[in-house]
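Engineer: Structure file my_file.cif, mmCIF, C-alpha atoms and all ligand atoms, is pasted below:
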```
data_coords
#
loop_
_atom_site.group_PDB
_atom_site.id
_atom_site.type_symbol
_atom_site.label_atom_id
_atom_site.label_comp_id
_atom_site.auth_asym_id
_atom_site.auth_seq_id
_atom_site.Cartn_x
_atom_site.Cartn_y
_atom_site.Cartn_z
ATOM 1 C CA MET A 29 94.664 91.550 -58.438
ATOM 2 C CA ILE A 30 96.390 94.793 -59.308
ATOM 3 C CA LEU A 31 94.076 97.822 -59.319
ATOM 4 C CA GLU A 32 95.703 99.094 -62.498
ATOM 5 C CA GLU A 33 94.493 95.969 -64.348
ATOM 6 C CA LEU A 34 90.964 96.486 -63.087
ATOM 7 C CA ASP A 35 91.084 100.096 -64.291
ATOM 8 C CA ASP A 36 92.382 99.113 -67.742
ATOM 9 C CA ALA A 37 89.732 96.397 -68.094
ATOM 10 C CA ALA A 38 87.027 98.827 -66.936
ATOM 11 C CA GLY A 39 88.211 101.372 -69.524
ATOM 12 C CA TRP A 40 87.900 98.843 -72.350
ATOM 13 C CA LEU A 41 84.456 97.804 -71.169
ATOM 14 C CA ARG A 42 83.263 101.405 -70.818
ATOM 15 C CA THR A 43 84.262 102.410 -74.334
ATOM 16 C CA ALA A 44 83.175 99.213 -76.133
ATOM 17 C CA ARG A 45 80.217 99.486 -78.501
ATOM 18 C CA ARG A 46 79.770 95.731 -78.627
ATOM 19 C CA VAL A 47 80.876 93.332 -75.865
ATOM 20 C CA ALA A 48 81.069 89.537 -76.074
ATOM 21 C CA VAL A 49 81.028 87.707 -72.729
ATOM 22 C CA PHE A 50 82.198 84.098 -73.006
ATOM 23 C CA THR A 51 81.380 81.986 -69.960
ATOM 24 C CA GLY A 52 82.181 78.515 -68.653
ATOM 25 C CA ALA A 53 81.375 76.452 -65.595
ATOM 26 C CA GLY A 54 83.324 78.819 -63.293
ATOM 27 C CA VAL A 55 80.680 81.558 -63.655
ATOM 28 C CA SER A 56 78.115 79.240 -62.056
ATOM 29 C CA ALA A 57 80.465 77.803 -59.415
ATOM 30 C CA GLU A 58 79.293 80.315 -56.815
ATOM 31 C CA SER A 59 75.693 79.271 -57.545
ATOM 32 C CA GLY A 60 76.714 75.855 -56.181
ATOM 33 C CA ILE A 61 77.185 74.094 -59.531
ATOM 34 C CA PRO A 62 80.496 72.199 -59.630
ATOM 35 C CA THR A 63 82.836 72.796 -62.558
ATOM 36 C CA PHE A 64 84.111 69.869 -64.671
ATOM 37 C CA ARG A 65 87.862 69.822 -64.189
ATOM 38 C CA ASP A 66 88.609 71.428 -60.787
ATOM 39 C CA GLY A 67 88.965 69.281 -57.635
ATOM 40 C CA GLY A 68 85.398 68.096 -56.931
ATOM 41 C CA GLY A 69 84.563 68.639 -60.636
ATOM 42 C CA LEU A 70 82.110 66.326 -62.400
ATOM 43 C CA TRP A 71 84.706 64.694 -64.670
ATOM 44 C CA ARG A 72 86.902 63.807 -61.646
ATOM 45 C CA GLU A 73 84.375 61.276 -60.326
ATOM 46 C CA PHE A 74 82.659 60.448 -63.612
ATOM 47 C CA PRO A 75 85.238 60.088 -66.423
ATOM 48 C CA PRO A 76 84.217 61.923 -69.612
ATOM 49 C CA GLU A 77 85.154 58.836 -71.686
ATOM 50 C CA GLU A 78 82.155 57.133 -70.024
ATOM 51 C CA PHE A 79 79.757 59.998 -69.273
ATOM 52 C CA ALA A 80 80.323 62.781 -71.805
ATOM 53 C CA SER A 81 78.858 61.167 -74.934
ATOM 54 C CA TRP A 82 75.448 59.718 -75.818
ATOM 55 C CA ARG A 83 77.111 56.389 -76.667
ATOM 56 C CA GLY A 84 78.813 56.328 -73.240
ATOM 57 C CA LEU A 85 75.584 57.194 -71.437
ATOM 58 C CA LEU A 86 73.648 54.448 -73.248
ATOM 59 C CA SER A 87 76.347 51.958 -72.405
ATOM 60 C CA ALA A 88 76.285 53.064 -68.728
ATOM 61 C CA ALA A 89 72.484 52.627 -68.728
ATOM 62 C CA ALA A 90 72.963 49.003 -69.804
ATOM 63 C CA THR A 91 75.981 48.047 -67.701
ATOM 64 C CA SER A 92 76.004 50.297 -64.596
ATOM 65 C CA PRO A 93 72.595 51.983 -64.107
ATOM 66 C CA GLY A 94 73.287 52.700 -60.426
ATOM 67 C CA LYS A 95 76.405 54.691 -61.356
ATOM 68 C CA LEU A 96 74.488 56.451 -64.151
ATOM 69 C CA ALA A 97 71.817 57.448 -61.619
ATOM 70 C CA ARG A 98 74.549 58.865 -59.351
ATOM 71 C CA PHE A 99 76.050 60.785 -62.317
ATOM 72 C CA LEU A 100 72.657 62.244 -63.235
ATOM 73 C CA LEU A 101 72.154 63.272 -59.614
ATOM 74 C CA ALA A 102 75.575 64.958 -59.510
ATOM 75 C CA LEU A 103 74.678 66.817 -62.727
ATOM 76 C CA LEU A 104 71.043 67.707 -62.079
ATOM 77 C CA GLU A 105 70.747 68.322 -58.337
ATOM 78 C CA PRO A 106 72.924 71.485 -58.185
ATOM 79 C CA ILE A 107 71.221 72.906 -61.306
ATOM 80 C CA ALA A 108 67.747 72.137 -59.939
ATOM 81 C CA THR A 109 68.329 74.325 -56.898
ATOM 82 C CA ALA A 110 70.667 76.965 -58.382
ATOM 83 C CA ARG A 111 69.993 80.693 -58.500
ATOM 84 C CA PRO A 112 72.012 83.290 -60.438
ATOM 85 C CA ASN A 113 74.955 84.660 -58.433
ATOM 86 C CA SER A 114 76.487 88.127 -58.403
ATOM 87 C CA ALA A 115 78.599 87.337 -61.500
ATOM 88 C CA HIS A 116 75.503 86.525 -63.597
ATOM 89 C CA THR A 117 73.796 89.654 -62.275
ATOM 90 C CA ALA A 118 76.787 91.895 -63.043
ATOM 91 C CA ILE A 119 77.012 90.490 -66.580
ATOM 92 C CA ALA A 120 73.293 91.197 -67.094
ATOM 93 C CA GLU A 121 73.845 94.744 -65.881
ATOM 94 C CA ILE A 122 76.359 95.512 -68.660
ATOM 95 C CA GLU A 123 73.382 95.441 -71.072
ATOM 96 C CA LYS A 124 72.168 98.733 -69.600
ATOM 97 C CA TYR A 125 75.224 100.470 -71.068
ATOM 98 C CA THR A 126 76.166 98.724 -74.312
ATOM 99 C CA ARG A 127 75.244 95.849 -76.605
ATOM 100 C CA VAL A 128 76.236 92.538 -75.003
ATOM 101 C CA THR A 129 76.222 89.043 -76.459
ATOM 102 C CA ILE A 130 76.649 86.259 -73.891
ATOM 103 C CA ILE A 131 78.251 83.135 -75.321
ATOM 104 C CA THR A 132 77.908 80.394 -72.744
ATOM 105 C CA GLN A 133 79.142 76.818 -72.617
ATOM 106 C CA ASN A 134 76.831 76.229 -69.663
ATOM 107 C CA VAL A 135 73.528 74.380 -69.914
ATOM 108 C CA ASP A 136 72.024 75.752 -66.681
ATOM 109 C CA GLY A 137 69.937 78.713 -67.930
ATOM 110 C CA LEU A 138 71.276 81.054 -65.210
ATOM 111 C CA HIS A 139 72.256 83.949 -67.505
ATOM 112 C CA GLN A 140 68.670 84.227 -68.764
ATOM 113 C CA GLU A 141 67.359 83.982 -65.201
ATOM 114 C CA ALA A 142 69.661 86.868 -64.218
ATOM 115 C CA GLY A 143 68.073 88.991 -66.969
ATOM 116 C CA SER A 144 70.532 88.701 -69.884
ATOM 117 C CA ARG A 145 68.625 88.855 -73.156
ATOM 118 C CA GLU A 146 71.069 87.851 -75.884
ATOM 119 C CA VAL A 147 72.383 84.476 -74.708
ATOM 120 C CA LEU A 148 73.967 82.018 -77.149
ATOM 121 C CA GLN A 149 74.011 78.521 -75.674
ATOM 122 C CA ILE A 150 76.721 76.922 -77.771
ATOM 123 C CA HIS A 151 76.545 73.622 -75.838
ATOM 124 C CA GLY A 152 72.739 73.753 -75.738
ATOM 125 C CA THR A 153 70.562 73.692 -72.623
ATOM 126 C CA LEU A 154 69.281 71.066 -70.205
ATOM 127 C CA LEU A 155 65.959 72.851 -69.952
ATOM 128 C CA GLU A 156 64.753 72.263 -73.525
ATOM 129 C CA ILE A 157 63.721 68.769 -74.565
ATOM 130 C CA VAL A 158 63.819 67.909 -78.277
ATOM 131 C CA ASP A 159 62.954 64.927 -80.474
ATOM 132 C CA SER A 160 65.408 63.091 -82.710
ATOM 133 C CA HIS A 161 64.973 65.773 -85.409
ATOM 134 C CA GLY A 162 65.785 68.562 -82.952
ATOM 135 C CA GLN A 163 62.148 69.714 -82.782
ATOM 136 C CA PRO A 164 60.919 71.038 -79.404
ATOM 137 C CA VAL A 165 59.032 68.557 -77.218
ATOM 138 C CA ARG A 166 58.787 70.499 -73.953
ATOM 139 C CA THR A 167 60.551 72.975 -71.686
ATOM 140 C CA LEU A 168 61.618 71.916 -68.195
ATOM 141 C CA THR A 169 61.518 74.130 -65.112
ATOM 142 C CA ARG A 170 63.830 73.836 -62.120
ATOM 143 C CA ALA A 171 60.855 72.310 -60.274
ATOM 144 C CA ASP A 172 60.740 69.546 -62.936
ATOM 145 C CA LEU A 173 64.460 68.932 -62.407
ATOM 146 C CA LEU A 174 63.904 68.749 -58.657
ATOM 147 C CA GLU A 175 61.159 66.153 -59.097
ATOM 148 C CA MET A 176 63.532 64.059 -61.241
ATOM 149 C CA VAL A 177 66.205 64.430 -58.558
ATOM 150 C CA ARG A 178 63.776 63.022 -55.951
ATOM 151 C CA ARG A 179 62.990 60.063 -58.207
ATOM 152 C CA LEU A 180 66.673 59.515 -59.006
ATOM 153 C CA HIS A 181 67.528 59.330 -55.303
ATOM 154 C CA ARG A 182 65.003 56.519 -55.017
ATOM 155 C CA ALA A 183 66.343 54.830 -58.184
ATOM 156 C CA ALA A 184 69.991 55.101 -57.087
ATOM 157 C CA ASP A 185 69.162 53.437 -53.750
ATOM 158 C CA ARG A 186 67.476 50.420 -55.356
ATOM 159 C CA PRO A 187 69.358 47.268 -56.364
ATOM 160 C CA ALA A 188 67.260 47.155 -59.583
ATOM 161 C CA ALA A 189 68.200 50.712 -60.640
ATOM 162 C CA ALA A 190 67.900 49.664 -64.314
ATOM 163 C CA LEU A 191 64.133 49.309 -63.863
ATOM 164 C CA SER A 192 63.432 52.601 -62.088
ATOM 165 C CA LEU A 193 65.917 54.819 -64.012
ATOM 166 C CA PRO A 194 63.743 55.261 -67.152
ATOM 167 C CA TRP A 195 60.787 56.227 -64.929
ATOM 168 C CA ALA A 196 62.933 58.701 -62.963
ATOM 169 C CA ILE A 197 64.153 60.601 -66.025
ATOM 170 C CA ARG A 198 60.981 60.300 -68.149
ATOM 171 C CA PRO A 199 60.334 64.101 -68.307
ATOM 172 C CA MET A 200 63.849 64.580 -69.756
ATOM 173 C CA ALA A 201 64.686 61.543 -71.886
ATOM 174 C CA GLY A 202 62.972 58.450 -73.202
ATOM 175 C CA LEU A 203 60.953 56.972 -76.006
ATOM 176 C CA ARG A 204 57.513 57.927 -77.289
ATOM 177 C CA PRO A 205 55.556 56.537 -80.238
ATOM 178 C CA THR A 206 57.198 59.004 -82.664
ATOM 179 C CA GLY A 207 60.762 58.294 -81.469
ATOM 180 C CA ALA A 208 63.313 59.253 -78.818
ATOM 181 C CA TYR A 209 63.522 62.588 -76.964
ATOM 182 C CA LYS A 210 66.357 64.101 -74.926
ATOM 183 C CA PRO A 211 67.741 67.419 -73.660
ATOM 184 C CA ARG A 212 69.108 69.781 -76.308
ATOM 185 C CA ILE A 213 72.680 69.528 -75.032
ATOM 186 C CA VAL A 214 75.939 69.059 -76.894
ATOM 187 C CA LEU A 215 78.048 66.130 -75.736
ATOM 188 C CA PHE A 216 81.469 65.011 -76.981
ATOM 189 C CA GLY A 217 81.306 64.058 -80.656
ATOM 190 C CA ASP A 218 78.163 66.164 -81.321
ATOM 191 C CA ALA A 219 77.976 69.171 -83.612
ATOM 192 C CA MET A 220 77.805 72.535 -81.850
ATOM 193 C CA ALA A 221 74.320 73.930 -81.152
ATOM 194 C CA GLU A 222 73.064 75.988 -84.085
ATOM 195 C CA PRO A 223 72.257 78.728 -84.888
ATOM 196 C CA ASP A 224 73.979 79.756 -81.635
ATOM 197 C CA TRP A 225 77.474 78.641 -82.626
ATOM 198 C CA SER A 226 77.518 80.568 -85.913
ATOM 199 C CA ALA A 227 76.226 83.646 -84.089
ATOM 200 C CA ALA A 228 78.932 83.179 -81.413
ATOM 201 C CA MET A 229 81.720 83.224 -84.007
ATOM 202 C CA GLU A 230 80.212 86.345 -85.527
ATOM 203 C CA ALA A 231 79.993 88.019 -82.095
ATOM 204 C CA ALA A 232 83.676 87.170 -81.425
ATOM 205 C CA ASP A 233 84.637 88.669 -84.787
ATOM 206 C CA GLU A 234 82.582 91.834 -84.346
ATOM 207 C CA CYS A 235 82.971 92.737 -80.669
ATOM 208 C CA ASP A 236 85.396 95.398 -79.522
ATOM 209 C CA CYS A 237 85.841 93.915 -76.040
ATOM 210 C CA PHE A 238 85.860 90.166 -75.273
ATOM 211 C CA LEU A 239 85.376 89.071 -71.662
ATOM 212 C CA SER A 240 86.125 85.423 -70.844
ATOM 213 C CA VAL A 241 84.853 84.204 -67.472
ATOM 214 C CA GLY A 242 85.365 80.905 -65.625
ATOM 215 C CA THR A 243 86.491 78.586 -68.384
ATOM 216 C CA SER A 244 89.550 76.343 -68.584
ATOM 217 C CA GLY A 245 89.625 76.805 -72.365
ATOM 218 C CA GLN A 246 90.212 73.102 -72.884
ATOM 219 C CA VAL A 247 87.234 72.193 -75.021
ATOM 220 C CA MET A 248 87.276 72.861 -78.751
ATOM 221 C CA PRO A 249 85.907 74.469 -80.783
ATOM 222 C CA ALA A 250 84.542 76.814 -78.068
ATOM 223 C CA ALA A 251 88.059 77.491 -76.768
ATOM 224 C CA MET A 252 89.105 79.173 -80.010
ATOM 225 C CA LEU A 253 86.703 82.102 -79.508
ATOM 226 C CA PRO A 254 89.088 84.315 -77.459
ATOM 227 C CA SER A 255 91.813 83.970 -80.142
ATOM 228 C CA ARG A 256 89.246 84.726 -82.823
ATOM 229 C CA ALA A 257 88.264 87.943 -81.053
ATOM 230 C CA ARG A 258 91.909 88.909 -80.571
ATOM 231 C CA ILE A 259 92.720 88.326 -84.252
ATOM 232 C CA ALA A 260 89.742 90.547 -85.126
ATOM 233 C CA GLY A 261 91.290 93.283 -82.944
ATOM 234 C CA ALA A 262 89.357 93.076 -79.651
ATOM 235 C CA PRO A 263 91.187 93.103 -76.315
ATOM 236 C CA VAL A 264 90.559 89.946 -74.255
ATOM 237 C CA ILE A 265 89.902 90.232 -70.507
ATOM 238 C CA GLU A 266 89.988 86.913 -68.643
ATOM 239 C CA ILE A 267 88.472 86.365 -65.198
ATOM 240 C CA GLY A 268 89.190 83.274 -63.112
ATOM 241 C CA PRO A 269 91.425 81.917 -60.388
ATOM 242 C CA GLU A 270 93.970 80.266 -62.720
ATOM 243 C CA PRO A 271 96.700 81.990 -64.782
ATOM 244 C CA CYS A 272 95.544 82.478 -68.370
ATOM 245 C CA LEU A 273 96.470 84.150 -71.631
ATOM 246 C CA GLY A 274 94.157 87.191 -71.757
ATOM 247 C CA ASP A 275 95.493 90.659 -72.601
ATOM 248 C CA ILE A 276 94.370 91.436 -69.053
ATOM 249 C CA GLN A 277 93.877 88.802 -66.378
ATOM 250 C CA LEU A 278 91.724 89.485 -63.353
ATOM 251 C CA ARG A 279 92.691 86.664 -61.001
ATOM 252 C CA GLY A 280 90.007 85.558 -58.535
ATOM 253 C CA HIS A 281 86.387 84.557 -58.295
ATOM 254 C CA ALA A 282 83.851 85.833 -60.811
ATOM 255 C CA GLY A 283 81.276 86.525 -58.079
ATOM 256 C CA SER A 284 83.430 89.262 -56.554
ATOM 257 C CA LEU A 285 85.442 90.450 -59.588
ATOM 258 C CA LEU A 286 82.589 91.022 -62.039
ATOM 259 C CA PRO A 287 80.608 93.365 -59.763
ATOM 260 C CA GLN A 288 83.879 95.291 -59.133
ATOM 261 C CA LEU A 289 84.577 95.504 -62.869
ATOM 262 C CA VAL A 290 81.061 96.706 -63.719
ATOM 263 C CA GLN A 291 81.211 99.202 -60.852
ATOM 264 C CA ALA A 292 84.584 100.550 -62.059
ATOM 265 C CA ALA A 293 83.428 100.698 -65.699
ATOM 266 C CA PHE A 294 80.048 102.341 -65.294
ATOM 267 C CA HIS A 295 79.546 103.762 -61.793
ATOM 268 C CA GLN A 296 82.873 105.161 -60.674
ATOM 269 C CA VAL A 297 82.986 108.921 -60.288
ATOM 270 C CA ASP A 298 86.469 110.283 -61.135
HETATM 271 P P1 LIG B 1 86.088 73.589 -66.600
HETATM 272 O O1 LIG B 1 85.704 72.782 -65.419
HETATM 273 O O2 LIG B 1 86.994 72.962 -67.583
HETATM 274 O O3 LIG B 1 86.781 74.953 -66.131
HETATM 275 C C1 LIG B 1 86.198 75.775 -65.176
HETATM 276 C C2 LIG B 1 87.076 76.992 -64.969
HETATM 277 O O4 LIG B 1 86.431 77.839 -64.048
HETATM 278 C C3 LIG B 1 88.455 76.677 -64.407
HETATM 279 O O5 LIG B 1 89.434 77.403 -65.135
HETATM 280 C C4 LIG B 1 88.378 77.201 -62.954
HETATM 281 O O6 LIG B 1 89.632 77.660 -62.488
HETATM 282 C C5 LIG B 1 87.392 78.320 -63.115
HETATM 283 N N1 LIG B 1 86.662 78.670 -61.879
HETATM 284 C C6 LIG B 1 86.330 77.896 -60.822
HETATM 285 N N2 LIG B 1 85.643 78.604 -59.902
HETATM 286 C C7 LIG B 1 85.533 79.874 -60.394
HETATM 287 C C8 LIG B 1 84.934 81.081 -59.917
HETATM 288 N N3 LIG B 1 84.292 81.136 -58.734
HETATM 289 N N4 LIG B 1 85.028 82.185 -60.697
HETATM 290 C C9 LIG B 1 85.669 82.159 -61.894
HETATM 291 N N5 LIG B 1 86.251 81.043 -62.382
HETATM 292 C C10 LIG B 1 86.183 79.918 -61.647
HETATM 293 O O7 LIG B 1 84.728 74.101 -67.268
HETATM 294 P P2 LIG B 1 84.520 74.719 -68.732
HETATM 295 O O8 LIG B 1 85.710 75.450 -69.203
HETATM 296 O O9 LIG B 1 83.212 75.407 -68.722
HETATM 297 O O10 LIG B 1 81.328 70.519 -72.394
HETATM 298 O O11 LIG B 1 84.357 73.398 -69.580
HETATM 299 C C11 LIG B 1 84.036 73.470 -70.934
HETATM 300 C C12 LIG B 1 83.244 72.276 -71.351
HETATM 301 O O12 LIG B 1 83.845 71.069 -70.852
HETATM 302 C C13 LIG B 1 81.840 72.194 -70.781
HETATM 303 O O13 LIG B 1 80.914 73.003 -71.467
HETATM 304 C C14 LIG B 1 81.510 70.746 -70.976
HETATM 305 C C15 LIG B 1 82.796 70.144 -70.455
HETATM 306 O O14 LIG B 1 83.122 68.906 -70.952
HETATM 307 C C16 LIG B 1 80.690 69.441 -72.854
HETATM 308 O O15 LIG B 1 80.276 68.578 -72.123
HETATM 309 C C17 LIG B 1 80.551 69.419 -74.355
#
```
Starting from the file, give its structure as structure tokens.
Structural biologist:
Amino acid sequence: MILEELDDAAGWLRTARRVAVFTGAGVSAESGIPTFRDGGGLWREFPPEEFASWRGLLSAAATSPGKLARFLLALLEPIATARPNSAHTAIAEIEKYTRVTIITQNVDGLHQEAGSREVLQIHGTLLEIVDSHGQPVRTLTRADLLEMVRRLHRAADRPAAALSLPWAIRPMAGLRPTGAYKPRIVLFGDAMAEPDWSAAMEAADECDCFLSVGTSGQVMPAAMLPSRARIAGAPVIEIGPEPCLGDIQLRGHAGSLLPQLVQAAFHQVD
């Protein structure tokens, strides 16, 4: 990374009255949660055509419950034990200096745990369980996730996984007398989570600095937010290891670059 770029990005951040921070799986990578599309990413082992829609998941439950149990373990186990990393903490710190809206595609709850207050979860969250009308049923803790992980390990090891899978995931998904319940997450083919998505578009339109962190920008409609902010006149700063289209790119890992950016924007003495 060129120091000049860090300085320019820090200048934009320092003078912004409203900042939008758009995050993807890469911001949680250093908390031990795999991304989707990198080597070792979730969709590499578990194809999204089979595992990224409710229809696909139901079909996997019927035809390959052992593989579904392994998918749920790959999804839940890292989240159950994750803690916010230095990128989440640095993002939360920006709130001390200006108004910040976090727009996250992640379902892991780590921004809130790091102390961010205005967090829009446009793909929902794994930690809130809702009924078929979207009404709250319960909230899960990481300890609940860990208990499900223990049960899933037992289910995945059994030849009759189909029988023990519903028991393993009962706190998160299942049937009760009034109908089905499941996590409030957005899968392929679902509508975006509201009212978060409408608020996210508004934040992109109204911010005067847009920071995009750890996303491949491949999933619509979320991926249109940086262009929306740019059209509305905000500079776009992108942070991640891959080349991207931001007005300024900070190439590298969020866990080291975000603390440097916040330090340069708000703590540096000239
Ligand atoms: P992806 O897996 O598509 O992209 C993750 C991005 O993070 C890549 O560009 C990586 O280069 C980058 N990355 C990896 N490690 C990083 C680090 N330490 N610091 C910064 N960046 C890093 O994940 P998303 O873009 O979040 O949606 O994926 C978007 C959506 O696709 C997800 O919300 C999910 C998925 O399908 C649904 O399931 C609806």
Engineer: Would you list the residues that come within 7 Å of ligand LIG 1 (chain B)? Count all atoms listed in the file and give the answer as a PyMOL selection string.
Structural biologist: chain A and resi 51-55+57-58+63-66+69+80+133-134+151+214-216+241-247+267-270+280-283
Engineer: Here's the selection I'm unsure about, the PyMOL selection byres (((chain A and resi 132) around 12) and not hetatm); applied to the file above, which residues does it give, as a tab-separated table (two decimals) with C-alpha atoms, keeping the file's coordinate frame?
Structural biologist:
```
chain	number	residue	atom	x	y	z
A	48	ALA	CA	81.07	89.54	-76.07
A	49	VAL	CA	81.03	87.71	-72.73
A	50	PHE	CA	82.20	84.10	-73.01
A	51	THR	CA	81.38	81.99	-69.96
A	52	GLY	CA	82.18	78.52	-68.65
A	53	ALA	CA	81.38	76.45	-65.60
A	54	GLY	CA	83.32	78.82	-63.29
A	55	VAL	CA	80.68	81.56	-63.66
A	56	SER	CA	78.11	79.24	-62.06
A	116	HIS	CA	75.50	86.52	-63.60
A	119	ILE	CA	77.01	90.49	-66.58
A	129	THR	CA	76.22	89.04	-76.46
A	130	ILE	CA	76.65	86.26	-73.89
A	131	ILE	CA	78.25	83.14	-75.32
A	133	GLN	CA	79.14	76.82	-72.62
A	134	ASN	CA	76.83	76.23	-69.66
A	135	VAL	CA	73.53	74.38	-69.91
A	136	ASP	CA	72.02	75.75	-66.68
A	137	GLY	CA	69.94	78.71	-67.93
A	138	LEU	CA	71.28	81.05	-65.21
A	139	HIS	CA	72.26	83.95	-67.50
A	140	GLN	CA	68.67	84.23	-68.76
A	144	SER	CA	70.53	88.70	-69.88
A	146	GLU	CA	71.07	87.85	-75.88
A	147	VAL	CA	72.38	84.48	-74.71
A	148	LEU	CA	73.97	82.02	-77.15
A	149	GLN	CA	74.01	78.52	-75.67
A	150	ILE	CA	76.72	76.92	-77.77
A	151	HIS	CA	76.54	73.62	-75.84
A	152	GLY	CA	72.74	73.75	-75.74
A	153	THR	CA	70.56	73.69	-72.62
A	221	ALA	CA	74.32	73.93	-81.15
A	224	ASP	CA	73.98	79.76	-81.64
A	225	TRP	CA	77.47	78.64	-82.63
A	227	ALA	CA	76.23	83.65	-84.09
A	228	ALA	CA	78.93	83.18	-81.41
A	239	LEU	CA	85.38	89.07	-71.66
A	240	SER	CA	86.12	85.42	-70.84
A	241	VAL	CA	84.85	84.20	-67.47
A	242	GLY	CA	85.36	80.90	-65.62
A	243	THR	CA	86.49	78.59	-68.38
A	250	ALA	CA	84.54	76.81	-78.07
A	251	ALA	CA	88.06	77.49	-76.77
A	253	LEU	CA	86.70	82.10	-79.51
```
Engineer: Figure out the distance between CA of Leu101 (chain A) and CA of Ala219 (chain A), please, to one decimal in Å.
Structural biologist: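 Straight-line distance from CA of Ala219 (chain A) to CA of Leu101 (chain A) works out to 25.4 Å.
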Engineer: State, in Å with one decimal place, the distance from CA of Ala196 (chain A) to CA of Trp71 (chain A).
Structural biologist: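 Answer for the CA of Ala196 (chain A) to CA of Trp71 (chain A) separation: 22.6 Å.
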Engineer: Rounded to one decimal in Å, what is the spacing between CA of Leu174 (chain A) and CA of Arg83 (chain A)?
Structural biologist: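 So the answer is 25.5 Å.
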Engineer: As a PDB file with C-alpha atoms, in the coordinates of the input, please: the residues near region 124-126 of chain A (cut-off 8 Å, all atoms listed in the file, same-chain neighbours under 5 positions excluded).
Structural biologist:
```
ATOM      1  CA  ALA A  44      83.175  99.213 -76.133  1.00  0.00           C
ATOM      2  CA  ARG A  45      80.217  99.486 -78.501  1.00  0.00           C
ATOM      3  CA  ARG A  46      79.770  95.731 -78.627  1.00  0.00           C
ATOM      4  CA  VAL A  47      80.876  93.332 -75.865  1.00  0.00           C
ATOM      5  CA  PHE A 294      80.048 102.341 -65.294  1.00  0.00           C
TER       6      PHE A 294
END
```
Engineer: List, as a ChimeraX atom specification, every residue that the PyMOL selection byres (((chain A and resi 94) around 9) and not hetatm) selects in the file provided.
Structural biologist: /A:88-89,92-93,95-99,183-190,193
Engineer: Residues at most 9 Å from Thr43 (chain A), counting all atoms listed in the file, excluding those fewer than 6 positions away in the same chain, as a PyMOL selection string?
Structural biologist: chain A and resi 126+236-237+293
Engineer: Selection in question (the file shown): the PyMOL selection byres (((chain A and resi 278) around 12) and not hetatm). Which residues does it include, as JSON, numbers by chain?
Structural biologist: {"A": [29, 30, 31, 32, 33, 34, 35, 36, 37, 38, 239, 240, 241, 242, 264, 265, 266, 267, 268, 269, 270, 271, 272, 273, 274, 275, 276, 277, 279, 280, 281, 282, 284, 285, 286, 288, 289]}
Engineer: Which neighbours of Ser59 (chain A) fall inside 9 Å, counting all atoms listed in the file, when residues of the same chain fewer than 4 positions from it are skipped, and could you give them as a PyMOL selection string?
Structural biologist: chain A and resi 55+106-107+109-114
Engineer: Could you turn the residues from that selection into a file that holds C-alpha atoms, as a short mmCIF file (atom, residue, chain, number, x, y, z; two decimals), keeping the file's coordinate frame?
Structural biologist:
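Contents of the output file again-v6.cif:
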```cif
data_model
loop_
_atom_site.label_atom_id
_atom_site.label_comp_id
_atom_site.auth_asym_id
_atom_site.auth_seq_id
_atom_site.Cartn_x
_atom_site.Cartn_y
_atom_site.Cartn_z
CA VAL A 55 80.68 81.56 -63.66
CA PRO A 106 72.92 71.48 -58.18
CA ILE A 107 71.22 72.91 -61.31
CA THR A 109 68.33 74.32 -56.90
CA ALA A 110 70.67 76.96 -58.38
CA ARG A 111 69.99 80.69 -58.50
CA PRO A 112 72.01 83.29 -60.44
CA ASN A 113 74.96 84.66 -58.43
CA SER A 114 76.49 88.13 -58.40
#
```
Engineer: Given the point (64.2, 67.3, -60.5) in the file's coordinates, find the residues that have an atom at most 9 Å from it, counting only C-alpha atoms, and give them as a list in words.
Structural biologist: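 So the residues meeting the distance criterion are Leu101, Leu104, Glu105, Ala108, Thr109, Thr169, Arg170, Ala171, Asp172, Leu173, Leu174, Glu175, Met176, Val177, Arg178, Arg179, Leu180 and Ile197 of chain A.
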Engineer: Between A:Pro205, A:Pro263, A:Pro194, A:Gly162, which is the closest to Leu100 (chain A) once you count only C-alpha atoms?
Structural biologist: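 Of the candidates, the smallest distance to Leu100 (chain A) is held by A:Pro194.
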Engineer: Pick out the closest residue to Gln163 (chain A) from this set: A:Pro211, A:Pro249, A:Gly202, A:Gly143. Count only C-alpha atoms.
Structural biologist: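 The shortest atom-to-atom distance to Gln163 (chain A) comes from A:Pro211.
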Engineer: Report the centre and edge lengths, in Å to one decimal, of an axis-aligned box enclosing every atom of region 121-139 of chain A listed in the file, padded by 8 Å on each side, as lines of an AutoDock Vina configuration file.
Structural biologist:
```
center_x = 74.5
center_y = 87.4
center_z = -70.9
size_x = 25.2
size_y = 42.1
size_z = 27.4
```
